[in-house]
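Undergrad: Mind having a look at this structure? Questions to follow.
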Amino acid sequence: MTSDIPAWPTTSDRVRAMVADMTLEEKAAQIVGYWLDQGGEVVAPLADEMSTAKDGRSLADITKDGIGHYTRVYGTRPVDPAERAAWLWNEQRRLKRETRLGIPALVHEECLTGLAAWKAATFPTPLGWGASFDPELVAEMGEVIGESMRELGIHQGLAPVLDVIRDPRWGRVDECIGEDPYLVGTVGTAYVKGLQSTGVHATLKHFLGYSNSRAGRNHAPVHAGPREVADVFLPPFEMAIRDGGVRSIMNSYAEIDGVPVASNSDLLTTLLREQLGFDGVVVADYFAVAFLEVMHAIAADRGEAAAYALQAGIDVELPSGDAYLAPLVERVRSGELDEAYLDRAVLRALAQKEELGLLDADAFEDEPPATVDLDTPRHRDIALRLATESLVLLSNDGMLPLAAEARRVAVIGPNADRSAALQGCYSFANHVLAHHPDHEIGFEIPTVREALAAALPEAQIRFAAGCEVEGDDRSGFAEAVEVAAGADFAVVVVGDQAGLFGRGTVGEGNDVESLELPGVQRELVEQLVATGTPVVMVVLTGRPYAISWALDGDGARPGAVIQAFFPGEEGGPAIAAVIAGAAAPSGRLPVSLPRSSGSSPYSYLHPILGGPSDVTSTDSTPLRPFGFGLSYTTFAYADLEVDETAATGDRFTAAVTVTNTGERDGVDVVQLYGHDVAASVTRPVAQLLAYARVELAAGQSRRVTFDVPTQRVSFTDRRLVRVVEPGAIEVWVGSHAEAAAPAASVGAAAEDTTGGAISNEKARGARTLTGTATARAVVTLTGDVHEVGPEDPRTVAVSID
């Protein structure tokens, strides 16, 4: 190995000895995957076109030199988990027995909304994790997912997605946690810790900048300046690496300013390994190495693509070895590529297998599980709690919770009686069973209609679909209107169908030009509202939609609107519980609700120039801001106390009293915001510094204290160094990103307030949105400019008294 190509620092003598004994073919085999069931089961785009493993060879011949990964053993087609586990144990024993080196395969699976396997529990989509603002519960979910995976002999999960949302038109918003880097980082790191506590390695996706694709189109070029990359896209990955100890990372398909990430050593080696200290394995997003030839056109052939990727820092090619096998070996053997790059990747891959126990003599000598329960009561309890916490009440004229005297209930809409409507793109049902439409789903997942019938046993419930999610068929409108007109109360459930690449309205490859609800769903809702029957609209989606007509329109509107981001197997009961009043809504928007397609892309993290202005005729403000969510009770904030000064490399505290001023128990999400008054580069007008879920009985008050490291207000300066500058930082507590105390004056002592309003005057009108907030206090950061280092804390400590 040449001295100028660093080895993995934690590589053991055993692994080094193994690599020294390997042939080129055996080395290459350890850094590729093989997709066992891909024939006829296309669950990824271009899979048939990209795969070269179509020659009918036996598995023994294909793996004669060994194999690095087995790709989606359980997640490509519906297989009985116990039967598949028995096959897998026998196959791993065969690899140990029949290959010269005797190394088992590392098995990876998708696990974004639960293990993507038949009969496995399905949890809320990551937007739901973000809406819960509950990292502890997300960690619990990660743990039970990891336990299921470990029981089945799965070693690595391809989750979580840490892309920060920038444009809701992008189909993969469904897979993301939110638009705020700190929320994404804390929630995503919690998932990593939960999953890895079981011995399963998490994989961060997608490093780096993928969500900023131009016009919200999948695989489109990304144009982002170095500060946006460093201050928006990077922090969640940094947190999961340094605080979560994540063991694997997947590259982004994107090209940033003309350089594909899969070939970018500045990102995959210099930044990721040398600056962030990541010492795990980098795996290729599926076909990303080959895409260097066929989509980015920077490589003349697969061999050159392999060289680019390997030199940049991609260790393992997934899902198969289209570039890293024969083309790579040929390039090394000819001397066109230094073998040290191959050795480096193999060292990392085998060190990961060693860490997972795959190199131990007793690996797979135990017996596979005879029976497997992937949807236990604990799974379902966590799924119900997370689904309930993720529901966001966007509007309510007092009709919710449902009055006890409502006896005739109409349940209407294309998503009211479909279990698929409750699940995200990477659920097994929408990802795989879409190819097997007659196959049973394998676990209980009550629809909204079924759940409402169970929650309202005394009510007479009538159902009508009204229309499909997509298309312009209005033939069902008449029945839906008749059903609604004869009811005391109507629930209309609209939204998305998650899928991949045209098989749905949201999900990977399902990018959109319009942010109107798909099809004719808006017309359906408007006709139901016109009957005069009180209507609650439930929006089951994988992205936020522009629904001003339902929230702020001049005409008749639904009496209440609930936003549900694909809440999973217990989503139906959670929605029913909130409607019936058995549970109170506590979710908050993890992403701004857009005003229109034309207002995208938008982020609440905008500088002054990105906000309302009288020099433009367009209105960029969202319908509902980041952090927004109503409850069945009210909350007030008082007695904000913030340290007057703090050193730039230290911490400051902010404490506030939150009171439940209503008549029923509830949960508030207390949000601490900050604003750098004057900095050397422009800063957001509001930035989430910290948050806390606080349970409060009716009339109860609790004191919430945030211990804030000054790194929370750091940014990348003009030298491209992350710093904390001295100066004034405004700090306040609000119920959402736009909440403000009307009488607050900058620099004044914090004033008590039970509510506030913002009035954003525009050239074309005005909007007033009520919120609860304190007046702003100021902490002055003193001392020299502090350059942020890896030892600086990244998270806020919270105490609740």
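Chain identifiers are assigned as A, B, and so on, following the order in which chains appear in the structure tokens; residues are numbered from 1 within each chain, and ligands are numbered from 1 in order of appearance.
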When you look at segment 568-570 of chain A with a cut-off of 6 Å (counting only C-alpha atoms), what residues show up, excluding the ones that are within fewer than 3 positions of it in the same chain? I need them as a VMD selection string.
TA: chain A and resid 122 to 124 383 to 384 422 to 423 445 573
Undergrad: Once DSSP has gone over the backbone, tell me which residues of segment 228-475 of chain A are in strand (DSSP E or B), as a PyMOL selection string.
TA: chain A and resi 248-251+255-256+259-260+281-283+316-317+392-396+408-412+460-464
Undergrad: Restricting it to N, CA, C and O atoms, dump the selection as an mmCIF file, in the first residue's frame.
TA:
data_model
loop_
_atom_site.group_PDB
_atom_site.id
_atom_site.type_symbol
_atom_site.label_atom_id
_atom_site.label_comp_id
_atom_site.auth_asym_id
_atom_site.auth_seq_id
_atom_site.Cartn_x
_atom_site.Cartn_y
_atom_site.Cartn_z
ATOM 1 N N SER A 248 -22.088 4.088 8.919
ATOM 2 C CA SER A 248 -22.118 4.032 7.455
ATOM 3 C C SER A 248 -22.773 5.279 6.903
ATOM 4 O O SER A 248 -23.652 5.867 7.540
ATOM 5 N N ILE A 249 -22.342 5.672 5.712
ATOM 6 C CA ILE A 249 -22.898 6.835 5.025
ATOM 7 C C ILE A 249 -23.057 6.489 3.556
ATOM 8 O O ILE A 249 -22.218 5.792 2.970
ATOM 9 N N MET A 250 -24.124 6.992 2.953
ATOM 10 C CA MET A 250 -24.401 6.786 1.528
ATOM 11 C C MET A 250 -24.256 8.116 0.805
ATOM 12 O O MET A 250 -24.721 9.147 1.279
ATOM 13 N N ASN A 251 -23.637 8.074 -0.363
ATOM 14 C CA ASN A 251 -23.446 9.292 -1.142
ATOM 15 C C ASN A 251 -24.745 9.775 -1.759
ATOM 16 O O ASN A 251 -25.711 9.026 -1.912
ATOM 17 N N GLU A 255 -25.025 16.219 -8.391
ATOM 18 C CA GLU A 255 -23.786 16.888 -8.756
ATOM 19 C C GLU A 255 -23.900 18.312 -8.243
ATOM 20 O O GLU A 255 -24.934 18.968 -8.408
ATOM 21 N N ILE A 256 -22.873 18.777 -7.567
ATOM 22 C CA ILE A 256 -22.873 20.121 -7.003
ATOM 23 C C ILE A 256 -21.931 20.991 -7.821
ATOM 24 O O ILE A 256 -20.726 20.739 -7.879
ATOM 25 N N VAL A 259 -19.865 18.908 -10.295
ATOM 26 C CA VAL A 259 -19.045 17.781 -9.852
ATOM 27 C C VAL A 259 -19.927 16.753 -9.154
ATOM 28 O O VAL A 259 -20.491 17.046 -8.093
ATOM 29 N N PRO A 260 -20.114 15.556 -9.714
ATOM 30 C CA PRO A 260 -20.932 14.537 -9.055
ATOM 31 C C PRO A 260 -20.351 14.178 -7.685
ATOM 32 O O PRO A 260 -19.135 13.995 -7.545
ATOM 33 N N VAL A 281 -17.897 3.210 6.904
ATOM 34 C CA VAL A 281 -17.872 2.793 5.507
ATOM 35 C C VAL A 281 -18.813 3.668 4.691
ATOM 36 O O VAL A 281 -19.932 3.958 5.117
ATOM 37 N N VAL A 282 -18.360 4.094 3.527
ATOM 38 C CA VAL A 282 -19.197 4.839 2.586
ATOM 39 C C VAL A 282 -19.699 3.868 1.527
ATOM 40 O O VAL A 282 -18.897 3.209 0.853
ATOM 41 N N VAL A 283 -21.025 3.772 1.415
ATOM 42 C CA VAL A 283 -21.615 2.903 0.399
ATOM 43 C C VAL A 283 -22.228 3.761 -0.684
ATOM 44 O O VAL A 283 -22.706 4.872 -0.439
ATOM 45 N N VAL A 316 -17.942 0.830 -1.013
ATOM 46 C CA VAL A 316 -18.728 -0.335 -1.417
ATOM 47 C C VAL A 316 -19.710 0.079 -2.501
ATOM 48 O O VAL A 316 -20.453 1.054 -2.333
ATOM 49 N N GLU A 317 -19.727 -0.663 -3.605
ATOM 50 C CA GLU A 317 -20.681 -0.397 -4.662
ATOM 51 C C GLU A 317 -21.952 -1.205 -4.420
ATOM 52 O O GLU A 317 -21.910 -2.427 -4.260
ATOM 53 N N VAL A 392 -50.740 17.176 13.081
ATOM 54 C CA VAL A 392 -50.687 18.627 13.228
ATOM 55 C C VAL A 392 -52.072 19.207 12.936
ATOM 56 O O VAL A 392 -52.598 19.051 11.832
ATOM 57 N N LEU A 393 -52.654 19.867 13.921
ATOM 58 C CA LEU A 393 -53.931 20.541 13.734
ATOM 59 C C LEU A 393 -53.656 21.921 13.146
ATOM 60 O O LEU A 393 -53.091 22.792 13.811
ATOM 61 N N LEU A 394 -54.058 22.111 11.896
ATOM 62 C CA LEU A 394 -53.764 23.357 11.180
ATOM 63 C C LEU A 394 -54.825 24.422 11.394
ATOM 64 O O LEU A 394 -54.527 25.617 11.364
ATOM 65 N N SER A 395 -56.060 24.014 11.559
ATOM 66 C CA SER A 395 -57.137 24.966 11.814
ATOM 67 C C SER A 395 -58.247 24.249 12.566
ATOM 68 O O SER A 395 -58.397 23.028 12.461
ATOM 69 N N ASN A 396 -59.035 25.028 13.301
ATOM 70 C CA ASN A 396 -60.127 24.444 14.072
ATOM 71 C C ASN A 396 -61.053 25.575 14.509
ATOM 72 O O ASN A 396 -60.652 26.455 15.264
ATOM 73 N N ARG A 408 -74.519 10.675 13.231
ATOM 74 C CA ARG A 408 -74.410 10.271 11.834
ATOM 75 C C ARG A 408 -73.125 10.892 11.265
ATOM 76 O O ARG A 408 -73.024 12.108 11.153
ATOM 77 N N VAL A 409 -72.167 10.050 10.958
ATOM 78 C CA VAL A 409 -70.849 10.512 10.529
ATOM 79 C C VAL A 409 -70.568 10.017 9.116
ATOM 80 O O VAL A 409 -70.635 8.807 8.850
ATOM 81 N N ALA A 410 -70.280 10.932 8.237
ATOM 82 C CA ALA A 410 -69.878 10.589 6.872
ATOM 83 C C ALA A 410 -68.352 10.528 6.808
ATOM 84 O O ALA A 410 -67.670 11.437 7.285
ATOM 85 N N VAL A 411 -67.837 9.469 6.245
ATOM 86 C CA VAL A 411 -66.398 9.320 6.037
ATOM 87 C C VAL A 411 -66.180 9.229 4.539
ATOM 88 O O VAL A 411 -66.652 8.281 3.886
ATOM 89 N N ILE A 412 -65.473 10.200 3.998
ATOM 90 C CA ILE A 412 -65.434 10.394 2.549
ATOM 91 C C ILE A 412 -63.990 10.633 2.117
ATOM 92 O O ILE A 412 -63.166 11.116 2.890
ATOM 93 N N GLN A 460 -73.523 6.090 13.462
ATOM 94 C CA GLN A 460 -73.817 5.461 12.182
ATOM 95 C C GLN A 460 -72.845 6.052 11.158
ATOM 96 O O GLN A 460 -72.844 7.257 10.907
ATOM 97 N N ILE A 461 -72.000 5.213 10.580
ATOM 98 C CA ILE A 461 -70.966 5.707 9.672
ATOM 99 C C ILE A 461 -71.273 5.250 8.257
ATOM 100 O O ILE A 461 -71.493 4.064 7.997
ATOM 101 N N ARG A 462 -71.298 6.208 7.346
ATOM 102 C CA ARG A 462 -71.471 5.914 5.934
ATOM 103 C C ARG A 462 -70.223 6.369 5.187
ATOM 104 O O ARG A 462 -69.608 7.392 5.524
ATOM 105 N N PHE A 463 -69.861 5.628 4.168
ATOM 106 C CA PHE A 463 -68.622 5.892 3.436
ATOM 107 C C PHE A 463 -68.901 6.102 1.956
ATOM 108 O O PHE A 463 -69.752 5.429 1.362
ATOM 109 N N ALA A 464 -68.143 7.022 1.383
ATOM 110 C CA ALA A 464 -68.110 7.193 -0.073
ATOM 111 C C ALA A 464 -66.731 7.701 -0.449
ATOM 112 O O ALA A 464 -66.197 8.603 0.203
#
Undergrad: Restricting the calculation to only C-alpha atoms: of A:Val724, A:Leu95, A:Asp231, A:Ala105, which residue gets closest to Glu354 of chain A?
TA: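 Of all the options, A:Ala105 lies closest to Glu354 of chain A.
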Undergrad: I want to know what sits within 8 Å of His219 of chain A, based on only C-alpha atoms, with residues of the same chain fewer than 2 positions away left out; could you give that as a list in words?
TA: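 Near neighbours after the sequence-gap exclusion: Tyr210, Ser213, Arg217, Pro221, Tyr253 and Ala254 of chain A.
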Undergrad: Using the selection just defined, write its residues with N, CA and C atoms as a PDB file, in the first residue's frame.
TA:
ATOM      1  N   TYR A 210     -28.359  16.718  -1.640  1.00  0.00           N
ATOM      2  CA  TYR A 210     -29.306  16.104  -2.584  1.00  0.00           C
ATOM      3  C   TYR A 210     -30.645  16.846  -2.631  1.00  0.00           C
ATOM      4  N   SER A 213     -31.938  19.918  -5.136  1.00  0.00           N
ATOM      5  CA  SER A 213     -31.931  19.715  -6.579  1.00  0.00           C
ATOM      6  C   SER A 213     -32.766  20.778  -7.280  1.00  0.00           C
ATOM      7  N   ARG A 217     -36.472  18.576  -8.743  1.00  0.00           N
ATOM      8  CA  ARG A 217     -36.472  17.391  -9.605  1.00  0.00           C
ATOM      9  C   ARG A 217     -35.428  16.394  -9.124  1.00  0.00           C
ATOM     10  N   PRO A 221     -29.270  18.745 -11.127  1.00  0.00           N
ATOM     11  CA  PRO A 221     -28.068  19.377 -10.580  1.00  0.00           C
ATOM     12  C   PRO A 221     -28.385  20.219  -9.349  1.00  0.00           C
ATOM     13  N   TYR A 253     -26.803  11.238  -5.075  1.00  0.00           N
ATOM     14  CA  TYR A 253     -26.755  11.164  -6.534  1.00  0.00           C
ATOM     15  C   TYR A 253     -26.378  12.499  -7.164  1.00  0.00           C
ATOM     16  N   ALA A 254     -26.487  13.569  -6.405  1.00  0.00           N
ATOM     17  CA  ALA A 254     -26.417  14.907  -6.981  1.00  0.00           C
ATOM     18  C   ALA A 254     -25.039  15.237  -7.530  1.00  0.00           C
TER      19      ALA A 254
END
Undergrad: Please indicate the distance in Å from atom CA of Gly553 of chain A to atom CA of Ile165 of chain A, rounded to one decimal place.
TA: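 Going from atom CA of Gly553 of chain A over to atom CA of Ile165 of chain A, I get 26.5 Å.
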Undergrad: Identify which of the residues A:Asn510, A:Thr23, A:Asn90, A:Gln671 lies closest to Val798 of chain A, counting only C-alpha atoms when measuring atom-to-atom distances.
TA: A:Gln671
Undergrad: Considering only C-alpha atoms, can you say which of A:Asp21, A:Glu663, A:Asp511, A:Glu523 comes closest to Cys467 of chain A?
TA: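 The closest residue to Cys467 of chain A is A:Glu523.
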Undergrad: Which residue, A:Gly486, A:Pro590, A:Gly33, A:Gly128, has the smallest gap to Thr533 of chain A when you use only C-alpha atoms?
TA: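 Once distances to Thr533 of chain A are computed over only C-alpha atoms, the minimum belongs to A:Gly486.
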Undergrad: So which residues touch segment 731-735 of chain A within 9 Å, counting only C-alpha atoms, skipping near sequence neighbours fewer than 5 positions away, as an mmCIF file with C-alpha atoms, in the first residue's frame?
TA:
data_model
loop_
_atom_site.group_PDB
_atom_site.id
_atom_site.type_symbol
_atom_site.label_atom_id
_atom_site.label_comp_id
_atom_site.auth_asym_id
_atom_site.auth_seq_id
_atom_site.Cartn_x
_atom_site.Cartn_y
_atom_site.Cartn_z
ATOM 1 C CA GLY A 627 -43.227 24.915 14.109
ATOM 2 C CA PHE A 628 -46.944 25.716 13.835
ATOM 3 C CA GLY A 629 -49.603 23.465 15.374
ATOM 4 C CA PHE A 635 -50.520 27.771 26.360
ATOM 5 C CA TYR A 637 -45.198 31.835 28.051
ATOM 6 C CA LEU A 640 -38.248 34.677 29.985
ATOM 7 C CA VAL A 642 -31.678 34.935 29.331
ATOM 8 C CA ALA A 654 -32.597 30.741 28.565
ATOM 9 C CA VAL A 656 -39.241 30.370 30.391
ATOM 10 C CA ASP A 668 -46.789 21.996 24.111
ATOM 11 C CA VAL A 669 -43.672 22.105 21.972
ATOM 12 C CA VAL A 670 -41.711 25.007 23.435
ATOM 13 C CA GLN A 671 -39.477 26.501 20.744
ATOM 14 C CA LEU A 672 -36.473 28.723 21.450
ATOM 15 C CA TYR A 673 -35.519 30.987 18.555
ATOM 16 C CA GLY A 674 -32.587 33.301 17.973
ATOM 17 C CA HIS A 675 -31.393 35.985 15.573
ATOM 18 C CA LEU A 689 -32.017 27.121 18.739
ATOM 19 C CA ALA A 740 -43.840 37.451 17.883
ATOM 20 C CA ALA A 741 -44.998 39.642 20.747
ATOM 21 C CA ALA A 750 -38.587 40.170 28.196
ATOM 22 C CA GLY A 771 -49.002 33.056 17.720
ATOM 23 C CA THR A 772 -47.790 32.804 21.271
ATOM 24 C CA ALA A 773 -44.428 34.361 22.057
ATOM 25 C CA THR A 774 -42.333 36.260 24.529
ATOM 26 C CA ALA A 775 -40.724 39.572 23.779
ATOM 27 C CA ARG A 776 -37.122 39.311 22.666
ATOM 28 C CA ALA A 777 -34.269 39.361 25.112
ATOM 29 C CA VAL A 778 -30.634 39.877 24.148
ATOM 30 C CA VAL A 779 -27.540 37.919 25.060
#
Undergrad: Need the shell around Arg14 of chain A: protein/DNA/RNA residues with any atom at most 12 Å away, counting only C-alpha atoms. Skip same-chain ones fewer than 2 positions apart. Format as a ChimeraX atom specification?
TA: /A:10-12,16-21,347,350-351,353-354,359-360
